[in-house]
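model_3.txt, holding compact mmCIF, N, CA and C atoms and all ligand atoms:
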# COMPACT_ATOMS: atom_id res chain seq x y z
N MET A 1 -44.54 -1.86 -25.94
CA MET A 1 -43.76 -2.96 -25.35
C MET A 1 -44.34 -4.29 -25.86
N THR A 2 -43.59 -4.98 -26.66
CA THR A 2 -44.01 -6.29 -27.19
C THR A 2 -43.38 -7.39 -26.33
N PRO A 3 -43.89 -8.63 -26.42
CA PRO A 3 -43.27 -9.72 -25.65
C PRO A 3 -41.78 -9.85 -25.93
N ALA A 4 -41.37 -9.58 -27.17
CA ALA A 4 -39.95 -9.68 -27.52
C ALA A 4 -39.13 -8.70 -26.68
N CYS A 5 -39.70 -7.53 -26.36
CA CYS A 5 -38.97 -6.50 -25.62
C CYS A 5 -38.45 -7.01 -24.28
N THR A 6 -39.28 -7.83 -23.61
CA THR A 6 -38.86 -8.35 -22.30
C THR A 6 -37.52 -9.07 -22.42
N ARG A 7 -37.41 -9.86 -23.49
CA ARG A 7 -36.16 -10.60 -23.69
C ARG A 7 -35.03 -9.63 -24.00
N TYR A 8 -35.33 -8.63 -24.84
CA TYR A 8 -34.27 -7.70 -25.25
C TYR A 8 -33.79 -6.81 -24.11
N GLN A 9 -34.65 -6.69 -23.09
CA GLN A 9 -34.19 -5.88 -21.94
C GLN A 9 -32.98 -6.51 -21.28
N THR A 10 -33.05 -7.84 -21.05
CA THR A 10 -31.88 -8.49 -20.43
C THR A 10 -30.72 -8.52 -21.43
N ASP A 11 -31.06 -8.65 -22.75
CA ASP A 11 -30.00 -8.63 -23.76
C ASP A 11 -29.24 -7.30 -23.73
N GLY A 12 -29.95 -6.20 -23.45
CA GLY A 12 -29.31 -4.89 -23.42
C GLY A 12 -28.15 -4.85 -22.43
N MET A 13 -28.42 -5.38 -21.26
CA MET A 13 -27.37 -5.40 -20.22
C MET A 13 -26.20 -6.28 -20.66
N ARG A 14 -26.57 -7.45 -21.23
CA ARG A 14 -25.50 -8.37 -21.65
C ARG A 14 -24.70 -7.78 -22.81
N TRP A 15 -25.39 -7.03 -23.70
CA TRP A 15 -24.68 -6.44 -24.84
C TRP A 15 -23.66 -5.41 -24.35
N LEU A 16 -24.09 -4.58 -23.38
CA LEU A 16 -23.18 -3.56 -22.84
C LEU A 16 -21.99 -4.22 -22.13
N ASP A 17 -22.23 -5.40 -21.56
CA ASP A 17 -21.15 -6.13 -20.89
C ASP A 17 -20.30 -6.92 -21.88
N GLY A 18 -20.70 -6.89 -23.18
CA GLY A 18 -19.96 -7.62 -24.20
C GLY A 18 -20.16 -9.12 -24.12
N GLU A 19 -21.33 -9.54 -23.62
CA GLU A 19 -21.57 -10.97 -23.45
C GLU A 19 -22.36 -11.58 -24.60
N LEU A 20 -22.89 -10.76 -25.51
CA LEU A 20 -23.66 -11.30 -26.63
C LEU A 20 -22.71 -11.72 -27.76
N ASP A 21 -23.03 -12.85 -28.42
CA ASP A 21 -22.21 -13.19 -29.60
C ASP A 21 -22.68 -12.33 -30.77
N ALA A 22 -21.99 -12.43 -31.89
CA ALA A 22 -22.23 -11.53 -33.03
C ALA A 22 -23.69 -11.60 -33.49
N GLN A 23 -24.23 -12.82 -33.57
CA GLN A 23 -25.60 -13.00 -34.07
C GLN A 23 -26.61 -12.36 -33.10
N GLU A 24 -26.47 -12.67 -31.82
CA GLU A 24 -27.36 -12.10 -30.80
C GLU A 24 -27.29 -10.58 -30.81
N ALA A 25 -26.06 -10.07 -30.90
CA ALA A 25 -25.87 -8.62 -30.91
C ALA A 25 -26.56 -8.00 -32.13
N GLY A 26 -26.47 -8.69 -33.29
CA GLY A 26 -27.13 -8.21 -34.50
C GLY A 26 -28.63 -8.11 -34.32
N HIS A 27 -29.23 -9.17 -33.75
CA HIS A 27 -30.67 -9.16 -33.49
C HIS A 27 -31.03 -8.02 -32.54
N TYR A 28 -30.24 -7.90 -31.51
CA TYR A 28 -30.54 -6.89 -30.50
C TYR A 28 -30.48 -5.48 -31.10
N GLN A 29 -29.40 -5.20 -31.85
CA GLN A 29 -29.25 -3.87 -32.44
C GLN A 29 -30.38 -3.57 -33.43
N ALA A 30 -30.77 -4.61 -34.20
CA ALA A 30 -31.87 -4.43 -35.15
C ALA A 30 -33.14 -4.06 -34.41
N HIS A 31 -33.40 -4.74 -33.29
CA HIS A 31 -34.60 -4.45 -32.52
C HIS A 31 -34.55 -3.04 -31.93
N VAL A 32 -33.43 -2.66 -31.41
CA VAL A 32 -33.30 -1.34 -30.77
C VAL A 32 -33.52 -0.22 -31.79
N ARG A 33 -33.06 -0.46 -33.06
CA ARG A 33 -33.27 0.54 -34.10
C ARG A 33 -34.76 0.77 -34.35
N GLU A 34 -35.56 -0.32 -34.23
CA GLU A 34 -37.00 -0.25 -34.52
C GLU A 34 -37.82 0.22 -33.32
N CYS A 35 -37.33 -0.07 -32.11
CA CYS A 35 -38.18 0.02 -30.93
C CYS A 35 -37.74 1.17 -30.02
N ASP A 36 -38.59 2.21 -29.93
CA ASP A 36 -38.26 3.39 -29.12
C ASP A 36 -38.03 3.01 -27.66
N GLU A 37 -38.93 2.14 -27.18
CA GLU A 37 -38.90 1.80 -25.77
C GLU A 37 -37.57 1.14 -25.39
N CYS A 38 -37.11 0.20 -26.22
CA CYS A 38 -35.86 -0.50 -25.93
C CYS A 38 -34.66 0.44 -26.09
N ARG A 39 -34.81 1.44 -27.01
CA ARG A 39 -33.72 2.40 -27.18
C ARG A 39 -33.56 3.25 -25.91
N ARG A 40 -34.73 3.68 -25.37
CA ARG A 40 -34.68 4.44 -24.10
C ARG A 40 -34.07 3.59 -22.99
N GLU A 41 -34.51 2.33 -22.97
CA GLU A 41 -34.01 1.38 -21.97
C GLU A 41 -32.48 1.27 -22.04
N LEU A 42 -32.02 1.14 -23.30
CA LEU A 42 -30.57 0.99 -23.52
C LEU A 42 -29.82 2.24 -23.06
N ALA A 43 -30.41 3.42 -23.38
CA ALA A 43 -29.76 4.67 -22.98
C ALA A 43 -29.64 4.73 -21.46
N ALA A 44 -30.73 4.31 -20.77
CA ALA A 44 -30.71 4.31 -19.30
C ALA A 44 -29.67 3.33 -18.79
N LEU A 45 -29.63 2.14 -19.40
CA LEU A 45 -28.64 1.13 -19.01
C LEU A 45 -27.23 1.67 -19.20
N GLY A 46 -27.05 2.37 -20.35
CA GLY A 46 -25.73 2.92 -20.65
C GLY A 46 -25.26 3.86 -19.56
N ARG A 47 -26.20 4.68 -19.05
CA ARG A 47 -25.83 5.59 -17.97
C ARG A 47 -25.40 4.81 -16.73
N VAL A 48 -26.17 3.75 -16.42
CA VAL A 48 -25.84 2.94 -15.24
C VAL A 48 -24.46 2.31 -15.41
N VAL A 49 -24.20 1.79 -16.63
CA VAL A 49 -22.92 1.14 -16.88
C VAL A 49 -21.77 2.13 -16.73
N ARG A 50 -21.97 3.35 -17.28
CA ARG A 50 -20.92 4.37 -17.14
C ARG A 50 -20.65 4.65 -15.67
N MET A 51 -21.73 4.75 -14.89
CA MET A 51 -21.55 5.04 -13.46
C MET A 51 -20.76 3.94 -12.76
N THR A 52 -21.12 2.67 -13.05
CA THR A 52 -20.38 1.59 -12.38
C THR A 52 -18.94 1.55 -12.87
N ASP A 53 -18.71 1.89 -14.14
CA ASP A 53 -17.33 1.94 -14.63
C ASP A 53 -16.54 3.00 -13.88
N GLU A 54 -17.17 4.15 -13.65
CA GLU A 54 -16.47 5.20 -12.91
C GLU A 54 -16.15 4.74 -11.49
N LEU A 55 -17.10 4.00 -10.92
CA LEU A 55 -16.84 3.48 -9.57
C LEU A 55 -15.68 2.51 -9.59
N LYS A 56 -15.63 1.69 -10.66
CA LYS A 56 -14.52 0.74 -10.78
C LYS A 56 -13.19 1.48 -10.92
N LEU A 57 -13.23 2.60 -11.68
CA LEU A 57 -11.99 3.37 -11.88
C LEU A 57 -11.51 3.98 -10.57
N ARG A 58 -12.43 4.22 -9.67
CA ARG A 58 -12.04 4.83 -8.42
C ARG A 58 -11.36 3.83 -7.47
N ALA A 59 -11.61 2.55 -7.69
CA ALA A 59 -11.08 1.53 -6.78
C ALA A 59 -9.56 1.57 -6.64
N PRO A 60 -8.78 1.67 -7.76
CA PRO A 60 -7.32 1.72 -7.60
C PRO A 60 -6.87 2.89 -6.73
N ASP A 61 -7.64 3.99 -6.76
CA ASP A 61 -7.33 5.14 -5.91
C ASP A 61 -7.34 4.74 -4.44
N ASP A 62 -8.39 4.02 -4.07
CA ASP A 62 -8.48 3.56 -2.67
C ASP A 62 -7.26 2.72 -2.32
N GLU A 63 -6.89 1.83 -3.25
CA GLU A 63 -5.71 0.99 -3.03
C GLU A 63 -4.48 1.86 -2.85
N PHE A 64 -4.39 2.90 -3.73
CA PHE A 64 -3.24 3.79 -3.65
C PHE A 64 -3.13 4.44 -2.27
N TRP A 65 -4.26 4.98 -1.78
CA TRP A 65 -4.22 5.67 -0.49
C TRP A 65 -3.95 4.71 0.65
N LYS A 66 -4.49 3.49 0.53
CA LYS A 66 -4.24 2.48 1.54
C LYS A 66 -2.73 2.21 1.61
N GLY A 67 -2.10 2.00 0.43
CA GLY A 67 -0.66 1.75 0.38
C GLY A 67 0.12 2.94 0.89
N TYR A 68 -0.39 4.15 0.55
CA TYR A 68 0.31 5.36 0.98
C TYR A 68 0.36 5.45 2.51
N TRP A 69 -0.79 5.25 3.15
CA TRP A 69 -0.81 5.37 4.61
C TRP A 69 -0.03 4.25 5.26
N GLU A 70 -0.07 3.05 4.64
CA GLU A 70 0.71 1.95 5.20
C GLU A 70 2.19 2.27 5.16
N SER A 71 2.67 2.87 4.06
CA SER A 71 4.10 3.15 3.95
C SER A 71 4.47 4.30 4.89
N VAL A 72 3.58 5.28 5.07
CA VAL A 72 3.84 6.35 6.04
C VAL A 72 3.96 5.75 7.43
N TYR A 73 3.03 4.83 7.71
CA TYR A 73 3.05 4.18 9.02
C TYR A 73 4.34 3.39 9.22
N ARG A 74 4.73 2.61 8.17
CA ARG A 74 5.95 1.80 8.28
C ARG A 74 7.15 2.69 8.52
N ARG A 75 7.21 3.82 7.77
CA ARG A 75 8.36 4.72 7.91
C ARG A 75 8.44 5.28 9.32
N SER A 76 7.31 5.77 9.86
CA SER A 76 7.38 6.37 11.20
C SER A 76 7.66 5.30 12.24
N GLU A 77 7.14 4.10 12.00
CA GLU A 77 7.41 2.99 12.90
C GLU A 77 8.91 2.74 12.99
N ARG A 78 9.56 2.69 11.82
CA ARG A 78 10.99 2.43 11.77
C ARG A 78 11.76 3.56 12.45
N ARG A 79 11.32 4.80 12.21
CA ARG A 79 12.01 5.94 12.81
C ARG A 79 11.90 5.88 14.33
N VAL A 80 10.70 5.59 14.83
CA VAL A 80 10.50 5.46 16.28
C VAL A 80 11.38 4.35 16.83
N GLY A 81 11.44 3.22 16.11
CA GLY A 81 12.27 2.09 16.54
C GLY A 81 13.72 2.51 16.64
N PHE A 82 14.20 3.26 15.64
CA PHE A 82 15.60 3.68 15.62
C PHE A 82 15.90 4.63 16.78
N VAL A 83 14.99 5.58 17.02
CA VAL A 83 15.17 6.54 18.11
C VAL A 83 15.22 5.81 19.45
N LEU A 84 14.31 4.84 19.64
CA LEU A 84 14.27 4.07 20.88
C LEU A 84 15.56 3.28 21.06
N LEU A 85 16.04 2.70 19.95
CA LEU A 85 17.28 1.92 20.01
C LEU A 85 18.44 2.80 20.47
N VAL A 86 18.59 3.97 19.85
CA VAL A 86 19.69 4.88 20.20
C VAL A 86 19.54 5.34 21.65
N ALA A 87 18.29 5.69 22.04
CA ALA A 87 18.05 6.14 23.42
C ALA A 87 18.43 5.05 24.41
N GLY A 88 18.07 3.80 24.09
CA GLY A 88 18.40 2.68 24.98
C GLY A 88 19.90 2.50 25.11
N ILE A 89 20.62 2.57 23.99
CA ILE A 89 22.07 2.39 24.02
C ILE A 89 22.73 3.50 24.83
N LEU A 90 22.25 4.75 24.61
CA LEU A 90 22.80 5.88 25.39
C LEU A 90 22.54 5.69 26.87
N ALA A 91 21.35 5.19 27.22
CA ALA A 91 21.01 4.96 28.63
C ALA A 91 21.95 3.93 29.23
N VAL A 92 22.22 2.84 28.50
CA VAL A 92 23.12 1.79 29.00
C VAL A 92 24.53 2.35 29.18
N LEU A 93 24.99 3.11 28.18
CA LEU A 93 26.34 3.70 28.26
C LEU A 93 26.42 4.67 29.44
N GLY A 94 25.40 5.49 29.61
CA GLY A 94 25.37 6.45 30.71
C GLY A 94 25.43 5.73 32.05
N TYR A 95 24.64 4.65 32.15
CA TYR A 95 24.61 3.87 33.38
C TYR A 95 25.99 3.27 33.66
N ALA A 96 26.62 2.68 32.63
CA ALA A 96 27.95 2.08 32.78
C ALA A 96 28.97 3.15 33.19
N PHE A 97 28.84 4.33 32.62
CA PHE A 97 29.77 5.42 32.91
C PHE A 97 29.65 5.84 34.38
N VAL A 98 28.39 6.02 34.83
CA VAL A 98 28.14 6.42 36.22
C VAL A 98 28.68 5.36 37.18
N ARG A 99 28.40 4.08 36.85
CA ARG A 99 28.89 2.98 37.68
C ARG A 99 30.42 3.02 37.76
N ALA A 100 31.10 3.24 36.63
CA ALA A 100 32.56 3.24 36.58
C ALA A 100 33.13 4.38 37.42
N VAL A 101 32.45 5.54 37.34
CA VAL A 101 32.94 6.70 38.10
C VAL A 101 32.77 6.46 39.60
N ARG A 102 31.62 5.83 39.99
CA ARG A 102 31.34 5.62 41.41
C ARG A 102 32.16 4.48 42.01
N SER A 103 32.50 3.48 41.22
CA SER A 103 33.29 2.38 41.77
C SER A 103 34.58 2.23 40.98
N PRO A 104 35.63 2.85 41.50
CA PRO A 104 36.91 2.91 40.77
C PRO A 104 37.49 1.53 40.47
N GLU A 105 37.01 0.47 41.17
CA GLU A 105 37.59 -0.85 40.90
C GLU A 105 37.25 -1.33 39.48
N LEU A 106 36.19 -0.74 38.84
CA LEU A 106 35.87 -1.10 37.45
C LEU A 106 36.84 -0.45 36.47
N LEU A 107 37.52 0.62 36.94
CA LEU A 107 38.44 1.33 36.04
C LEU A 107 39.78 0.61 35.99
N THR A 108 39.73 -0.69 35.80
CA THR A 108 40.97 -1.46 35.66
C THR A 108 41.31 -1.56 34.19
N TYR A 109 42.47 -2.11 33.94
CA TYR A 109 42.90 -2.31 32.55
C TYR A 109 41.88 -3.17 31.81
N GLU A 110 41.42 -4.29 32.45
CA GLU A 110 40.46 -5.19 31.80
C GLU A 110 39.11 -4.48 31.60
N GLY A 111 38.68 -3.80 32.65
CA GLY A 111 37.38 -3.11 32.58
C GLY A 111 37.34 -2.11 31.44
N ILE A 112 38.39 -1.31 31.32
CA ILE A 112 38.43 -0.29 30.26
C ILE A 112 38.50 -0.94 28.88
N SER A 113 39.29 -2.03 28.76
CA SER A 113 39.40 -2.71 27.47
C SER A 113 38.04 -3.24 27.03
N VAL A 114 37.36 -3.94 27.98
CA VAL A 114 36.05 -4.51 27.65
C VAL A 114 35.09 -3.40 27.26
N THR A 115 35.12 -2.28 28.01
CA THR A 115 34.23 -1.15 27.71
C THR A 115 34.52 -0.61 26.31
N LEU A 116 35.80 -0.46 25.96
CA LEU A 116 36.16 0.06 24.64
C LEU A 116 35.64 -0.86 23.54
N ILE A 117 35.80 -2.19 23.76
CA ILE A 117 35.32 -3.14 22.75
C ILE A 117 33.80 -3.02 22.58
N LEU A 118 33.09 -2.96 23.73
CA LEU A 118 31.63 -2.85 23.68
C LEU A 118 31.21 -1.57 22.96
N VAL A 119 31.84 -0.44 23.31
CA VAL A 119 31.50 0.84 22.68
C VAL A 119 31.77 0.76 21.18
N GLY A 120 32.90 0.15 20.81
CA GLY A 120 33.24 0.00 19.40
C GLY A 120 32.17 -0.79 18.66
N LEU A 121 31.76 -1.92 19.26
CA LEU A 121 30.73 -2.75 18.63
C LEU A 121 29.43 -1.97 18.47
N ILE A 122 29.06 -1.22 19.51
CA ILE A 122 27.80 -0.46 19.46
C ILE A 122 27.86 0.61 18.37
N VAL A 123 29.01 1.30 18.27
CA VAL A 123 29.16 2.34 17.24
C VAL A 123 29.03 1.72 15.85
N ILE A 124 29.69 0.56 15.64
CA ILE A 124 29.61 -0.12 14.34
C ILE A 124 28.16 -0.50 14.06
N PHE A 125 27.49 -1.03 15.07
CA PHE A 125 26.10 -1.46 14.89
C PHE A 125 25.21 -0.29 14.49
N ILE A 126 25.37 0.84 15.20
CA ILE A 126 24.56 2.03 14.87
C ILE A 126 24.85 2.49 13.45
N SER A 127 26.15 2.49 13.10
CA SER A 127 26.55 2.95 11.77
C SER A 127 25.93 2.08 10.68
N VAL A 128 25.99 0.74 10.87
CA VAL A 128 25.40 -0.17 9.88
C VAL A 128 23.89 0.01 9.82
N ALA A 129 23.27 0.15 10.99
CA ALA A 129 21.82 0.31 11.04
C ALA A 129 21.41 1.58 10.29
N ARG A 130 22.15 2.65 10.50
CA ARG A 130 21.84 3.92 9.83
C ARG A 130 21.97 3.79 8.32
N GLU A 131 23.08 3.10 7.90
CA GLU A 131 23.32 2.93 6.48
C GLU A 131 22.18 2.15 5.84
N ARG A 132 21.80 1.04 6.46
CA ARG A 132 20.69 0.22 5.97
C ARG A 132 19.43 1.07 5.87
N TYR A 133 19.18 1.85 6.91
CA TYR A 133 17.97 2.68 6.98
C TYR A 133 17.93 3.66 5.80
N HIS A 134 19.07 4.31 5.53
CA HIS A 134 19.09 5.30 4.46
C HIS A 134 19.04 4.66 3.09
N GLU A 135 19.73 3.51 2.94
CA GLU A 135 19.66 2.78 1.68
C GLU A 135 18.22 2.42 1.38
N HIS A 136 17.54 1.92 2.40
CA HIS A 136 16.15 1.50 2.23
C HIS A 136 15.28 2.69 1.85
N LYS A 137 15.53 3.83 2.53
CA LYS A 137 14.72 5.02 2.27
C LYS A 137 14.91 5.51 0.85
N ASN A 138 16.13 5.37 0.29
CA ASN A 138 16.42 5.90 -1.03
C ASN A 138 16.17 4.91 -2.16
N ASP A 139 15.78 3.69 -1.81
CA ASP A 139 15.53 2.68 -2.83
C ASP A 139 14.16 2.90 -3.45
N PRO A 140 14.10 3.32 -4.74
CA PRO A 140 12.80 3.66 -5.33
C PRO A 140 11.92 2.43 -5.57
N TYR A 141 12.50 1.23 -5.54
CA TYR A 141 11.71 0.04 -5.88
C TYR A 141 11.22 -0.71 -4.66
N LYS A 142 11.49 -0.17 -3.47
CA LYS A 142 11.17 -0.95 -2.26
C LYS A 142 9.68 -1.24 -2.14
N GLU A 143 8.82 -0.28 -2.56
CA GLU A 143 7.38 -0.52 -2.41
C GLU A 143 6.87 -1.49 -3.47
N VAL A 144 7.54 -1.53 -4.62
CA VAL A 144 7.08 -2.37 -5.72
C VAL A 144 7.22 -3.85 -5.37
N GLU A 145 8.29 -4.18 -4.64
CA GLU A 145 8.56 -5.59 -4.34
C GLU A 145 7.51 -6.19 -3.44
N ARG A 146 6.86 -5.35 -2.63
CA ARG A 146 5.92 -5.90 -1.66
C ARG A 146 4.65 -6.35 -2.32
ZN ZN A 201 -38.47 -3.33 -27.82
Please render this file's structure as structure tokens.
Amino acid sequence: MTPACTRYQTDGMRWLDGELDAQEAGHYQAHVRECDECRRELAALGRVVRMTDELKLRAPDDEFWKGYWESVYRRSERRVGFVLLVAGILAVLGYAFVRAVRSPELLTYEGISVTLILVGLIVIFISVARERYHEHKNDPYKEVER
């Protein structure tokens, strides 16, 4: 180990990172060819660099799984929301129906007309909501936009 080696040790790391200019890299490579100790050092550094590169390559995987679980969560969230919406509408309709049967004064011409309009609107709303839901589910680019 010569005094020059100390300097070349830090150069080894910088060379592997591609931070040395052509002249510095030339000096470094020339020294490594001559010096066993620095060659061993470089080999050890190379292993470390490969390991950190592999760790870097694994990072997108984590992102992928994070996105995967988020989209699974979003999908089930939407499904639960839709089920609750339909359940709520059915409950309201059931309640209105029971009320109408128990109090015949609601079964007037106006009452029935208003009920028919409301039911029609609800059916259209459910139909549109379902269509949107399925369009969204079948859109292959929906995750890319986010
Ligand atoms: Zn050396």
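Among the candidates A:Ser113, A:Ser76, A:Gln9, A:Thr108, the one nearest to ligand ZN 201 (chain A) when counting all atoms listed in the file is A:Gln9.
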Please measure the separation of atom N of Asp17 of chain A and atom CA of Val32 of chain A, giving the value in Å to one decimal. 15.0 Å
At a cut-off of 8 Å around ligand ZN 201 (chain A), and using all atoms listed in the file, what residues come up? Please write them as an MDAnalysis selection string. chainID A and resid 1:9 31:32 34:39
Between A:Val123, A:Leu55, A:Ile112, A:Met13, which has the minimum distance to Leu42 of chain A (counting only N, CA and C atoms)?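 Among A:Val123, A:Leu55, A:Ile112, A:Met13, it is A:Met13 that comes nearest to Leu42 of chain A.
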Which distance in Å separates atom C of Glu70 of chain A and atom C of Met51 of chain A, to one decimal?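 Atom-to-atom, atom C of Glu70 of chain A to atom C of Met51 of chain A, that is 29.2 Å.
Reported to one decimal place, the separation of atom CA of Ala91 of chain A from atom N of Arg74 of chain A is 26.3 Å.
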Of the candidates A:Leu93, A:Val48, A:Arg40, A:Tyr68, which shows the shortest atom-to-atom distance to Gly120 of chain A, using only C-alpha atoms?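 Checking each of A:Leu93, A:Val48, A:Arg40, A:Tyr68 against Gly120 of chain A, counting only C-alpha atoms, the winner is A:Leu93.
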Counting only C-alpha atoms, what is within 10 Å of segment 124-127 of chain A, bar same-chain residues fewer than 5 positions away, as a list of chain:residue names?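 The neighbour list is A:Phe82, A:Leu85, A:Val86, A:Ile89, A:Leu118, A:Val119, A:Arg132, A:Tyr133.
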Mind the document's chain letters and residue numbers, and return as a PyMOL selection string the residues of segment 98-132 of chain A that DSSP labels alpha helix (DSSP H). chain A and resi 98-102+109-132
